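Asker: Hey, dropping run_9.cif in here, mmCIF, N, CA and C atoms:
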```
data_run
#
loop_
_atom_site.label_atom_id
_atom_site.label_comp_id
_atom_site.auth_asym_id
_atom_site.auth_seq_id
_atom_site.Cartn_x
_atom_site.Cartn_y
_atom_site.Cartn_z
N MET A 107 -11.69 -64.71 -56.40
CA MET A 107 -12.17 -64.03 -55.22
C MET A 107 -11.05 -63.21 -54.55
N LEU A 108 -9.89 -63.81 -54.47
CA LEU A 108 -8.75 -63.14 -53.85
C LEU A 108 -8.34 -61.90 -54.65
N ILE A 109 -8.38 -61.99 -55.96
CA ILE A 109 -8.03 -60.86 -56.81
C ILE A 109 -9.04 -59.73 -56.65
N SER A 110 -10.29 -60.06 -56.53
CA SER A 110 -11.32 -59.02 -56.35
C SER A 110 -11.18 -58.35 -54.99
N VAL A 111 -10.80 -59.05 -53.96
CA VAL A 111 -10.59 -58.45 -52.63
C VAL A 111 -9.38 -57.51 -52.67
N VAL A 112 -8.30 -57.91 -53.31
CA VAL A 112 -7.13 -57.04 -53.44
C VAL A 112 -7.48 -55.80 -54.24
N PHE A 113 -8.24 -55.96 -55.30
CA PHE A 113 -8.66 -54.82 -56.11
C PHE A 113 -9.56 -53.89 -55.29
N LEU A 114 -10.48 -54.43 -54.51
CA LEU A 114 -11.38 -53.62 -53.68
C LEU A 114 -10.60 -52.87 -52.60
N ILE A 115 -9.64 -53.50 -51.97
CA ILE A 115 -8.82 -52.84 -50.95
C ILE A 115 -7.99 -51.72 -51.58
N THR A 116 -7.44 -51.97 -52.75
CA THR A 116 -6.67 -50.94 -53.45
C THR A 116 -7.55 -49.76 -53.81
N LEU A 117 -8.74 -50.01 -54.30
CA LEU A 117 -9.68 -48.95 -54.66
C LEU A 117 -10.10 -48.14 -53.44
N VAL A 118 -10.39 -48.80 -52.34
CA VAL A 118 -10.78 -48.09 -51.12
C VAL A 118 -9.63 -47.26 -50.59
N SER A 119 -8.42 -47.77 -50.59
CA SER A 119 -7.27 -47.01 -50.10
C SER A 119 -6.99 -45.80 -51.01
N PHE A 120 -7.18 -45.98 -52.32
CA PHE A 120 -7.01 -44.86 -53.24
C PHE A 120 -8.05 -43.76 -52.95
N LEU A 121 -9.29 -44.14 -52.73
CA LEU A 121 -10.34 -43.16 -52.44
C LEU A 121 -10.10 -42.45 -51.10
N ILE A 122 -9.63 -43.15 -50.11
CA ILE A 122 -9.34 -42.54 -48.81
C ILE A 122 -8.18 -41.55 -48.96
N ASN A 123 -7.15 -41.94 -49.67
CA ASN A 123 -6.00 -41.05 -49.89
C ASN A 123 -6.42 -39.81 -50.68
N LEU A 124 -7.24 -39.97 -51.68
CA LEU A 124 -7.73 -38.84 -52.46
C LEU A 124 -8.57 -37.89 -51.62
N SER A 125 -9.41 -38.42 -50.76
CA SER A 125 -10.25 -37.56 -49.91
C SER A 125 -9.39 -36.79 -48.90
N PHE A 126 -8.33 -37.39 -48.37
CA PHE A 126 -7.43 -36.67 -47.46
C PHE A 126 -6.71 -35.53 -48.19
N ASN A 127 -6.26 -35.79 -49.40
CA ASN A 127 -5.57 -34.75 -50.16
C ASN A 127 -6.50 -33.58 -50.48
N ILE A 128 -7.72 -33.88 -50.88
CA ILE A 128 -8.67 -32.82 -51.20
C ILE A 128 -9.07 -32.04 -49.95
N SER A 129 -9.28 -32.74 -48.86
CA SER A 129 -9.72 -32.05 -47.63
C SER A 129 -8.61 -31.19 -47.03
N SER A 130 -7.35 -31.52 -47.25
CA SER A 130 -6.28 -30.68 -46.72
C SER A 130 -5.91 -29.55 -47.68
N TYR A 131 -6.27 -29.65 -48.94
CA TYR A 131 -5.93 -28.62 -49.92
C TYR A 131 -6.79 -27.38 -49.75
N ILE A 132 -8.05 -27.52 -49.50
CA ILE A 132 -8.96 -26.37 -49.41
C ILE A 132 -8.61 -25.46 -48.23
N PRO A 133 -8.36 -25.95 -47.01
CA PRO A 133 -7.95 -25.02 -45.94
C PRO A 133 -6.63 -24.31 -46.23
N ARG A 134 -5.71 -24.99 -46.86
CA ARG A 134 -4.44 -24.33 -47.20
C ARG A 134 -4.67 -23.24 -48.24
N MET A 135 -5.51 -23.52 -49.22
CA MET A 135 -5.81 -22.53 -50.23
C MET A 135 -6.50 -21.31 -49.61
N LEU A 136 -7.41 -21.53 -48.67
CA LEU A 136 -8.08 -20.43 -47.99
C LEU A 136 -7.11 -19.62 -47.14
N ARG A 137 -6.18 -20.29 -46.46
CA ARG A 137 -5.20 -19.60 -45.65
C ARG A 137 -4.27 -18.74 -46.52
N ASP A 138 -3.83 -19.30 -47.64
CA ASP A 138 -3.00 -18.53 -48.56
C ASP A 138 -3.74 -17.33 -49.11
N GLU A 139 -5.00 -17.49 -49.43
CA GLU A 139 -5.81 -16.38 -49.93
C GLU A 139 -5.99 -15.30 -48.85
N TYR A 140 -6.16 -15.72 -47.61
CA TYR A 140 -6.28 -14.78 -46.50
C TYR A 140 -5.01 -13.93 -46.37
N TYR A 141 -3.84 -14.59 -46.39
CA TYR A 141 -2.57 -13.85 -46.29
C TYR A 141 -2.35 -12.93 -47.49
N TYR A 142 -2.74 -13.39 -48.68
CA TYR A 142 -2.56 -12.56 -49.88
C TYR A 142 -3.44 -11.31 -49.81
N ILE A 143 -4.68 -11.47 -49.40
CA ILE A 143 -5.58 -10.32 -49.28
C ILE A 143 -5.07 -9.36 -48.21
N GLN A 144 -4.58 -9.89 -47.12
CA GLN A 144 -4.03 -9.05 -46.06
C GLN A 144 -2.82 -8.26 -46.57
N ALA A 145 -1.94 -8.89 -47.33
CA ALA A 145 -0.77 -8.21 -47.89
C ALA A 145 -1.19 -7.16 -48.91
N ARG A 146 -2.20 -7.43 -49.71
CA ARG A 146 -2.68 -6.44 -50.68
C ARG A 146 -3.26 -5.22 -49.97
N ILE A 147 -4.00 -5.42 -48.90
CA ILE A 147 -4.56 -4.30 -48.14
C ILE A 147 -3.43 -3.47 -47.54
N LEU A 148 -2.42 -4.13 -46.99
CA LEU A 148 -1.27 -3.40 -46.45
C LEU A 148 -0.55 -2.61 -47.54
N SER A 149 -0.42 -3.19 -48.73
CA SER A 149 0.28 -2.48 -49.81
C SER A 149 -0.53 -1.28 -50.28
N LEU A 150 -1.83 -1.36 -50.26
CA LEU A 150 -2.65 -0.22 -50.67
C LEU A 150 -2.55 0.92 -49.66
N ASN A 151 -2.43 0.60 -48.40
CA ASN A 151 -2.34 1.63 -47.36
C ASN A 151 -0.91 2.11 -47.12
N ALA A 152 0.06 1.43 -47.68
CA ALA A 152 1.46 1.77 -47.40
C ALA A 152 1.87 3.10 -48.01
N LYS A 153 1.24 3.54 -49.09
CA LYS A 153 1.59 4.83 -49.68
C LYS A 153 1.24 5.95 -48.70
N GLU A 154 0.07 5.89 -48.12
CA GLU A 154 -0.31 6.91 -47.14
C GLU A 154 0.56 6.81 -45.89
N LEU A 155 0.92 5.61 -45.52
CA LEU A 155 1.80 5.41 -44.37
C LEU A 155 3.19 5.98 -44.64
N SER A 156 3.68 5.85 -45.87
CA SER A 156 4.99 6.40 -46.20
C SER A 156 4.96 7.93 -46.15
N LYS A 157 3.85 8.53 -46.55
CA LYS A 157 3.71 9.99 -46.43
C LYS A 157 3.72 10.40 -44.96
N TYR A 158 3.08 9.62 -44.13
CA TYR A 158 3.06 9.91 -42.69
C TYR A 158 4.47 9.84 -42.09
N PHE A 159 5.25 8.83 -42.49
CA PHE A 159 6.62 8.72 -41.98
C PHE A 159 7.47 9.90 -42.42
N LEU A 160 7.29 10.37 -43.66
CA LEU A 160 8.02 11.55 -44.12
C LEU A 160 7.61 12.78 -43.31
N TYR A 161 6.33 12.90 -43.04
CA TYR A 161 5.83 14.03 -42.25
C TYR A 161 6.42 14.02 -40.84
N LYS A 162 6.44 12.84 -40.21
CA LYS A 162 7.01 12.73 -38.86
C LYS A 162 8.52 13.00 -38.88
N ALA A 163 9.22 12.58 -39.92
CA ALA A 163 10.65 12.85 -40.03
C ALA A 163 10.89 14.35 -40.15
N LYS A 164 10.07 15.04 -40.93
CA LYS A 164 10.22 16.50 -41.05
C LYS A 164 9.95 17.19 -39.71
N GLN A 165 8.98 16.68 -38.96
CA GLN A 165 8.70 17.26 -37.64
C GLN A 165 9.87 17.06 -36.68
N GLU A 166 10.59 15.96 -36.84
CA GLU A 166 11.74 15.68 -35.98
C GLU A 166 13.01 16.37 -36.46
N GLY A 167 12.91 17.18 -37.50
CA GLY A 167 14.06 17.92 -38.01
C GLY A 167 14.92 17.16 -38.99
N LYS A 168 14.46 16.05 -39.48
CA LYS A 168 15.21 15.26 -40.46
C LYS A 168 14.81 15.73 -41.86
N GLU A 169 15.77 15.81 -42.74
CA GLU A 169 15.47 16.23 -44.11
C GLU A 169 14.91 15.08 -44.95
N CYS A 170 15.38 13.87 -44.68
CA CYS A 170 14.96 12.72 -45.48
C CYS A 170 15.11 11.44 -44.65
N ILE A 171 14.56 10.37 -45.15
CA ILE A 171 14.77 9.05 -44.56
C ILE A 171 15.04 8.07 -45.69
N ASP A 172 15.89 7.09 -45.42
CA ASP A 172 16.23 6.08 -46.42
C ASP A 172 15.16 4.99 -46.49
N PHE A 173 14.83 4.45 -45.33
CA PHE A 173 13.84 3.38 -45.30
C PHE A 173 13.20 3.31 -43.91
N VAL A 174 12.07 2.65 -43.88
CA VAL A 174 11.37 2.35 -42.63
C VAL A 174 11.04 0.86 -42.67
N LYS A 175 11.34 0.17 -41.59
CA LYS A 175 11.08 -1.27 -41.52
C LYS A 175 10.41 -1.57 -40.19
N PHE A 176 9.30 -2.31 -40.25
CA PHE A 176 8.61 -2.68 -39.02
C PHE A 176 7.91 -4.01 -39.22
N ASN A 177 7.53 -4.61 -38.11
CA ASN A 177 6.85 -5.90 -38.12
C ASN A 177 5.36 -5.69 -37.87
N TYR A 178 4.57 -6.10 -38.82
CA TYR A 178 3.12 -5.98 -38.69
C TYR A 178 2.47 -6.97 -39.64
N PRO A 179 1.45 -7.63 -39.32
CA PRO A 179 0.65 -7.68 -38.09
C PRO A 179 1.20 -8.63 -37.03
N LYS A 180 2.12 -9.53 -37.40
CA LYS A 180 2.74 -10.41 -36.42
C LYS A 180 4.22 -10.12 -36.34
N TYR A 181 4.88 -10.66 -35.34
CA TYR A 181 6.29 -10.35 -35.11
C TYR A 181 7.20 -10.84 -36.23
N ASN A 182 6.81 -11.87 -36.97
CA ASN A 182 7.67 -12.37 -38.04
C ASN A 182 7.25 -11.86 -39.42
N ASP A 183 6.25 -10.99 -39.49
CA ASP A 183 5.86 -10.36 -40.75
C ASP A 183 6.60 -9.04 -40.89
N ILE A 184 7.05 -8.74 -42.09
CA ILE A 184 7.91 -7.57 -42.31
C ILE A 184 7.28 -6.65 -43.35
N VAL A 185 7.22 -5.36 -43.01
CA VAL A 185 6.84 -4.32 -43.96
C VAL A 185 8.02 -3.37 -44.04
N ARG A 186 8.51 -3.15 -45.25
CA ARG A 186 9.65 -2.25 -45.46
C ARG A 186 9.29 -1.25 -46.54
N ILE A 187 9.56 0.02 -46.25
CA ILE A 187 9.31 1.10 -47.21
C ILE A 187 10.65 1.78 -47.47
N ASP A 188 11.12 1.72 -48.72
CA ASP A 188 12.37 2.36 -49.13
C ASP A 188 12.03 3.64 -49.89
N TYR A 189 12.80 4.69 -49.61
CA TYR A 189 12.60 5.99 -50.26
C TYR A 189 13.77 6.27 -51.19
N PHE A 190 13.46 6.75 -52.41
CA PHE A 190 14.49 7.13 -53.38
C PHE A 190 14.18 8.55 -53.84
N TYR A 191 15.18 9.41 -53.76
CA TYR A 191 15.04 10.81 -54.13
C TYR A 191 15.81 11.04 -55.42
N PRO A 192 15.15 11.31 -56.54
CA PRO A 192 15.85 11.46 -57.83
C PRO A 192 16.77 12.67 -57.90
N ILE A 193 16.53 13.72 -57.12
CA ILE A 193 17.35 14.92 -57.26
C ILE A 193 18.40 15.06 -56.16
N ALA A 194 18.45 14.11 -55.23
CA ALA A 194 19.43 14.20 -54.14
C ALA A 194 19.66 12.81 -53.55
N GLU A 195 20.70 12.71 -52.75
CA GLU A 195 20.98 11.49 -52.00
C GLU A 195 20.70 11.74 -50.53
N CYS A 196 20.20 10.75 -49.86
CA CYS A 196 19.93 10.87 -48.44
C CYS A 196 21.01 10.12 -47.68
N ASP A 197 21.71 10.84 -46.80
CA ASP A 197 22.77 10.24 -46.01
C ASP A 197 22.63 10.72 -44.58
N ASN A 198 22.35 9.80 -43.68
CA ASN A 198 22.22 10.12 -42.25
C ASN A 198 21.17 11.22 -42.03
N PHE A 199 20.03 11.05 -42.66
CA PHE A 199 18.86 11.93 -42.55
C PHE A 199 19.11 13.34 -43.09
N LYS A 200 20.13 13.52 -43.91
CA LYS A 200 20.43 14.81 -44.53
C LYS A 200 20.60 14.60 -46.04
N PHE A 201 20.19 15.61 -46.81
CA PHE A 201 20.40 15.55 -48.25
C PHE A 201 21.85 15.89 -48.58
N LYS A 202 22.42 15.19 -49.54
CA LYS A 202 23.75 15.51 -50.05
C LYS A 202 23.75 15.24 -51.55
N ASN A 203 24.75 15.77 -52.25
CA ASN A 203 24.84 15.64 -53.71
C ASN A 203 23.55 16.05 -54.39
N ILE A 204 23.12 17.25 -54.12
CA ILE A 204 21.86 17.75 -54.64
C ILE A 204 22.06 18.27 -56.06
N ASN A 205 21.17 17.91 -56.93
CA ASN A 205 21.20 18.39 -58.31
C ASN A 205 20.62 19.81 -58.33
N GLN A 206 21.46 20.80 -58.51
CA GLN A 206 21.03 22.19 -58.48
C GLN A 206 20.23 22.58 -59.71
N ASP A 207 20.32 21.81 -60.78
CA ASP A 207 19.59 22.12 -62.01
C ASP A 207 18.17 21.55 -62.01
N ALA A 208 17.79 20.90 -60.95
CA ALA A 208 16.47 20.25 -60.92
C ALA A 208 15.37 21.30 -60.82
N ASN A 209 14.31 21.04 -61.54
CA ASN A 209 13.11 21.86 -61.47
C ASN A 209 12.18 21.20 -60.47
N LEU A 210 12.02 21.81 -59.31
CA LEU A 210 11.26 21.16 -58.23
C LEU A 210 9.80 20.97 -58.57
N SER A 211 9.26 21.81 -59.44
CA SER A 211 7.86 21.63 -59.79
C SER A 211 7.66 20.40 -60.67
N LYS A 212 8.71 19.96 -61.36
CA LYS A 212 8.61 18.77 -62.22
C LYS A 212 9.34 17.58 -61.64
N ASP A 213 10.51 17.81 -61.06
CA ASP A 213 11.37 16.71 -60.62
C ASP A 213 11.24 16.41 -59.13
N GLY A 214 10.44 17.13 -58.41
CA GLY A 214 10.35 16.94 -56.97
C GLY A 214 9.47 15.78 -56.57
N VAL A 215 9.78 14.64 -57.10
CA VAL A 215 9.01 13.44 -56.81
C VAL A 215 9.86 12.51 -55.94
N ILE A 216 9.21 11.73 -55.11
CA ILE A 216 9.89 10.73 -54.28
C ILE A 216 9.36 9.37 -54.70
N ILE A 217 10.27 8.45 -54.99
CA ILE A 217 9.89 7.09 -55.39
C ILE A 217 9.95 6.22 -54.14
N ILE A 218 8.87 5.51 -53.89
CA ILE A 218 8.87 4.60 -52.73
C ILE A 218 8.72 3.17 -53.23
N ASN A 219 9.44 2.29 -52.58
CA ASN A 219 9.36 0.86 -52.86
C ASN A 219 8.81 0.19 -51.62
N ILE A 220 7.68 -0.46 -51.77
CA ILE A 220 6.99 -1.09 -50.64
C ILE A 220 7.17 -2.60 -50.76
N SER A 221 7.75 -3.21 -49.73
CA SER A 221 7.95 -4.66 -49.70
C SER A 221 7.22 -5.21 -48.48
N ILE A 222 6.38 -6.20 -48.73
CA ILE A 222 5.60 -6.81 -47.65
C ILE A 222 5.83 -8.31 -47.69
N LEU A 223 6.27 -8.86 -46.57
CA LEU A 223 6.51 -10.30 -46.44
C LEU A 223 5.66 -10.81 -45.28
N LEU A 224 4.68 -11.63 -45.59
CA LEU A 224 3.81 -12.22 -44.58
C LEU A 224 4.05 -13.71 -44.49
N ASN A 225 3.79 -14.24 -43.31
CA ASN A 225 3.91 -15.67 -43.05
C ASN A 225 5.33 -16.15 -43.30
N SER A 226 6.31 -15.34 -42.92
CA SER A 226 7.70 -15.74 -43.12
C SER A 226 8.10 -16.77 -42.08
N ASN A 227 9.29 -17.30 -42.23
CA ASN A 227 9.81 -18.37 -41.37
C ASN A 227 8.95 -19.63 -41.44
N GLN A 228 8.30 -19.81 -42.58
CA GLN A 228 7.52 -21.01 -42.82
C GLN A 228 8.14 -21.72 -44.02
N ALA A 229 7.43 -22.68 -44.56
CA ALA A 229 7.91 -23.34 -45.76
C ALA A 229 7.90 -22.35 -46.93
N VAL A 230 8.69 -22.62 -47.93
CA VAL A 230 8.87 -21.68 -49.03
C VAL A 230 7.54 -21.38 -49.72
N ASN A 231 6.72 -22.35 -49.94
CA ASN A 231 5.47 -22.14 -50.65
C ASN A 231 4.39 -21.48 -49.79
N GLU A 232 4.65 -21.24 -48.53
CA GLU A 232 3.65 -20.64 -47.66
C GLU A 232 3.88 -19.16 -47.41
N GLU A 233 5.01 -18.61 -47.88
CA GLU A 233 5.28 -17.20 -47.69
C GLU A 233 4.55 -16.37 -48.75
N ILE A 234 4.12 -15.18 -48.35
CA ILE A 234 3.48 -14.25 -49.27
C ILE A 234 4.38 -13.01 -49.34
N PHE A 235 4.82 -12.64 -50.54
CA PHE A 235 5.68 -11.48 -50.74
C PHE A 235 5.07 -10.60 -51.81
N ILE A 236 4.88 -9.32 -51.47
CA ILE A 236 4.37 -8.34 -52.43
C ILE A 236 5.35 -7.18 -52.47
N ASN A 237 5.71 -6.78 -53.68
CA ASN A 237 6.61 -5.66 -53.89
C ASN A 237 5.89 -4.67 -54.80
N LYS A 238 5.89 -3.40 -54.40
CA LYS A 238 5.12 -2.40 -55.15
C LYS A 238 5.89 -1.09 -55.15
N LYS A 239 5.86 -0.40 -56.26
CA LYS A 239 6.49 0.92 -56.38
C LYS A 239 5.41 1.98 -56.54
N GLU A 240 5.61 3.10 -55.86
CA GLU A 240 4.66 4.22 -55.93
C GLU A 240 5.46 5.51 -56.05
N LEU A 241 4.79 6.56 -56.45
CA LEU A 241 5.37 7.90 -56.53
C LEU A 241 4.64 8.83 -55.58
N ILE A 242 5.42 9.65 -54.90
CA ILE A 242 4.85 10.70 -54.06
C ILE A 242 5.25 12.03 -54.69
N TYR A 243 4.26 12.81 -55.06
CA TYR A 243 4.51 14.12 -55.65
C TYR A 243 4.54 15.15 -54.52
N THR A 244 5.67 15.81 -54.37
CA THR A 244 5.83 16.76 -53.28
C THR A 244 5.65 18.18 -53.80
N ASN A 245 5.36 19.08 -52.88
CA ASN A 245 5.36 20.49 -53.26
C ASN A 245 6.75 21.05 -52.98
N GLN A 246 6.99 22.27 -53.39
CA GLN A 246 8.32 22.85 -53.27
C GLN A 246 8.71 23.10 -51.82
N ASP A 247 7.75 23.19 -50.91
CA ASP A 247 8.07 23.40 -49.50
C ASP A 247 8.81 22.21 -48.89
N PHE A 248 8.60 21.03 -49.44
CA PHE A 248 9.28 19.84 -48.91
C PHE A 248 10.79 19.97 -49.04
N TRP A 249 11.26 20.56 -50.10
CA TRP A 249 12.68 20.66 -50.40
C TRP A 249 13.30 21.93 -49.86
N LYS A 250 12.55 22.72 -49.06
CA LYS A 250 13.05 24.02 -48.58
C LYS A 250 14.24 23.91 -47.64
N SER A 251 14.39 22.79 -46.97
CA SER A 251 15.43 22.70 -45.94
C SER A 251 16.84 22.83 -46.52
N TRP A 252 16.99 22.66 -47.80
CA TRP A 252 18.32 22.80 -48.37
C TRP A 252 18.31 24.03 -49.22
#
```
I need this file expressed as structure tokens, please.
Answerer:
Amino acid sequence: MLISVVFLITLVSFLINLSFNISSYIPRMLRDEYYYIQARILSLNAKELSKYFLYKAKQEGKECIDFVKFNYPKYNDIVRIDYFYPIAECDNFKFKNINQDANLSKDGVIIINISILLNSNQAVNEEIFINKKELIYTNQDFWKSW
């Protein structure tokens, strides 16, 4: 009788522990999926946003920008857009070391690297990080300033 009671208590405690683990796993999985979908949507829109930042920089009289970094949608979430120019270097919002042999109709592309970090300052397994590379094809008017 004593052995059956110990076995029954062990079985009940195992079932209670299993139900707690299962019930806490589903909300965490849903939260992670929510952050991942949010980061994917931000990465899809970041190419158009990077074009907008280049446009605003040109309006302000800047020839180029190295990167743009901002916090969105929360204060500890980071979106960073890095710009790479294959035919020139950007230094202090001005082009330098320009390749004069470049064909602007073929080589006038801008490479952007989009990095999105959501849910940062949490445990390691709870952070969502997406890194994406895109190309922006410019027309020859973009490079007119030099």
Asker: Any chance you could list, as a PyMOL selection string, the residues in chain A that come up strand (DSSP E or B) when DSSP is run on the backbone?
Answerer: chain A and resi 173-177+184-190+195-197+200-202+215-224+234-243
Asker: Find the distance between atom CA of A:Leu136 and atom CA of A:Leu224 and write it in Å to one decimal.
Answerer: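 Taking atom CA of A:Leu136 as the start and atom CA of A:Leu224 as the end point, the length is 14.8 Å.
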Asker: With the cut-off set at 5 Å and counting all atoms listed in the file, tabulate each residue of stretch 184-227 of chain A with an atom at most that distance from an atom of stretch 170-175 of chain A, showing the nearest atom pair and its distance in Å to one decimal, ordered by chain and increasing number, as CSV.
Answerer:
```
residue,atom,partner,partner_atom,distance
A:Val185,C,A:Lys175,CA,4.5
A:Arg186,CA,A:Lys175,CA,4.3
A:Ile187,C,A:Val174,N,4.0
A:Asp188,CA,A:Phe173,CA,4.2
A:Tyr189,N,A:Asp172,C,3.9
A:Phe199,C,A:Cys170,N,4.1
A:Lys200,N,A:Cys170,N,4.8
```
Asker: Please write the residues picked by the PyMOL selection byres (((chain A and resi 149-162 and name CA) around 8) and name CA) on this file as a ChimeraX atom specification.
Answerer: /A:145-148,163-166,170-171,174,187,218,220-222,236,238,240,242
Asker: Rounded to one decimal in Å, what is the spacing between atom CA of A:Asn203 and atom N of A:Lys168?
Answerer: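 Those two atoms sit 17.6 Å apart.
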Asker: Return as a list in words the full set of residues in stretch 138-208 of chain A whose backbone-based DSSP assignment is alpha helix (DSSP H).
Answerer: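 Those residues are Asp138, Glu139, Tyr140, Tyr141, Tyr142, Ile143, Gln144, Ala145, Arg146, Ile147, Leu148, Ser149, Leu150, Asn151, Ala152, Lys153, Glu154, Leu155, Ser156, Lys157, Tyr158, Phe159, Leu160, Tyr161, Lys162, Ala163, Lys164 and Gln165 of chain A.
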Asker: Taking (6.4, -11.3, -41.7) in the file's coordinates as the center, which residues reach within 6 Å of it, counting all atoms listed in the file, put as a CSV table (one decimal) with N, CA and C atoms, in the coordinates of the input?
Answerer:
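Okay, result_0.csv is ready:
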```csv
chain,number,residue,atom,x,y,z
A,180,LYS,N,2.1,-9.5,-37.4
A,180,LYS,CA,2.7,-10.4,-36.4
A,180,LYS,C,4.2,-10.1,-36.3
A,181,TYR,N,4.9,-10.7,-35.3
A,181,TYR,CA,6.3,-10.4,-35.1
A,181,TYR,C,7.2,-10.8,-36.2
A,182,ASN,N,6.8,-11.9,-37.0
A,182,ASN,CA,7.7,-12.4,-38.0
A,182,ASN,C,7.2,-11.9,-39.4
A,183,ASP,N,6.2,-11.0,-39.5
A,183,ASP,CA,5.9,-10.4,-40.8
A,183,ASP,C,6.6,-9.0,-40.9
A,184,ILE,N,7.0,-8.7,-42.1
A,184,ILE,CA,7.9,-7.6,-42.3
A,184,ILE,C,7.3,-6.6,-43.4
A,223,LEU,N,6.3,-8.9,-46.6
A,223,LEU,CA,6.5,-10.3,-46.4
A,223,LEU,C,5.7,-10.8,-45.3
A,224,LEU,N,4.7,-11.6,-45.6
A,224,LEU,CA,3.8,-12.2,-44.6
A,224,LEU,C,4.0,-13.7,-44.5
A,225,ASN,N,3.8,-14.2,-43.3
A,225,ASN,CA,3.9,-15.7,-43.0
A,225,ASN,C,5.3,-16.2,-43.3
A,226,SER,N,6.3,-15.3,-42.9
A,226,SER,CA,7.7,-15.7,-43.1
A,226,SER,C,8.1,-16.8,-42.1
```
Asker: Rounded to one decimal place, report the atom C of A:Gln206-atom CA of A:Ile193 distance in Å.
Answerer: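 These atoms are spaced 8.5 Å apart.
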Asker: Closest to A:Asn219 among A:Asn198, A:Ser125, A:Ser130, A:Asn237, using only N, CA and C atoms?
Answerer: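 Nearest candidate to A:Asn219 out of A:Asn198, A:Ser125, A:Ser130, A:Asn237: A:Asn237.
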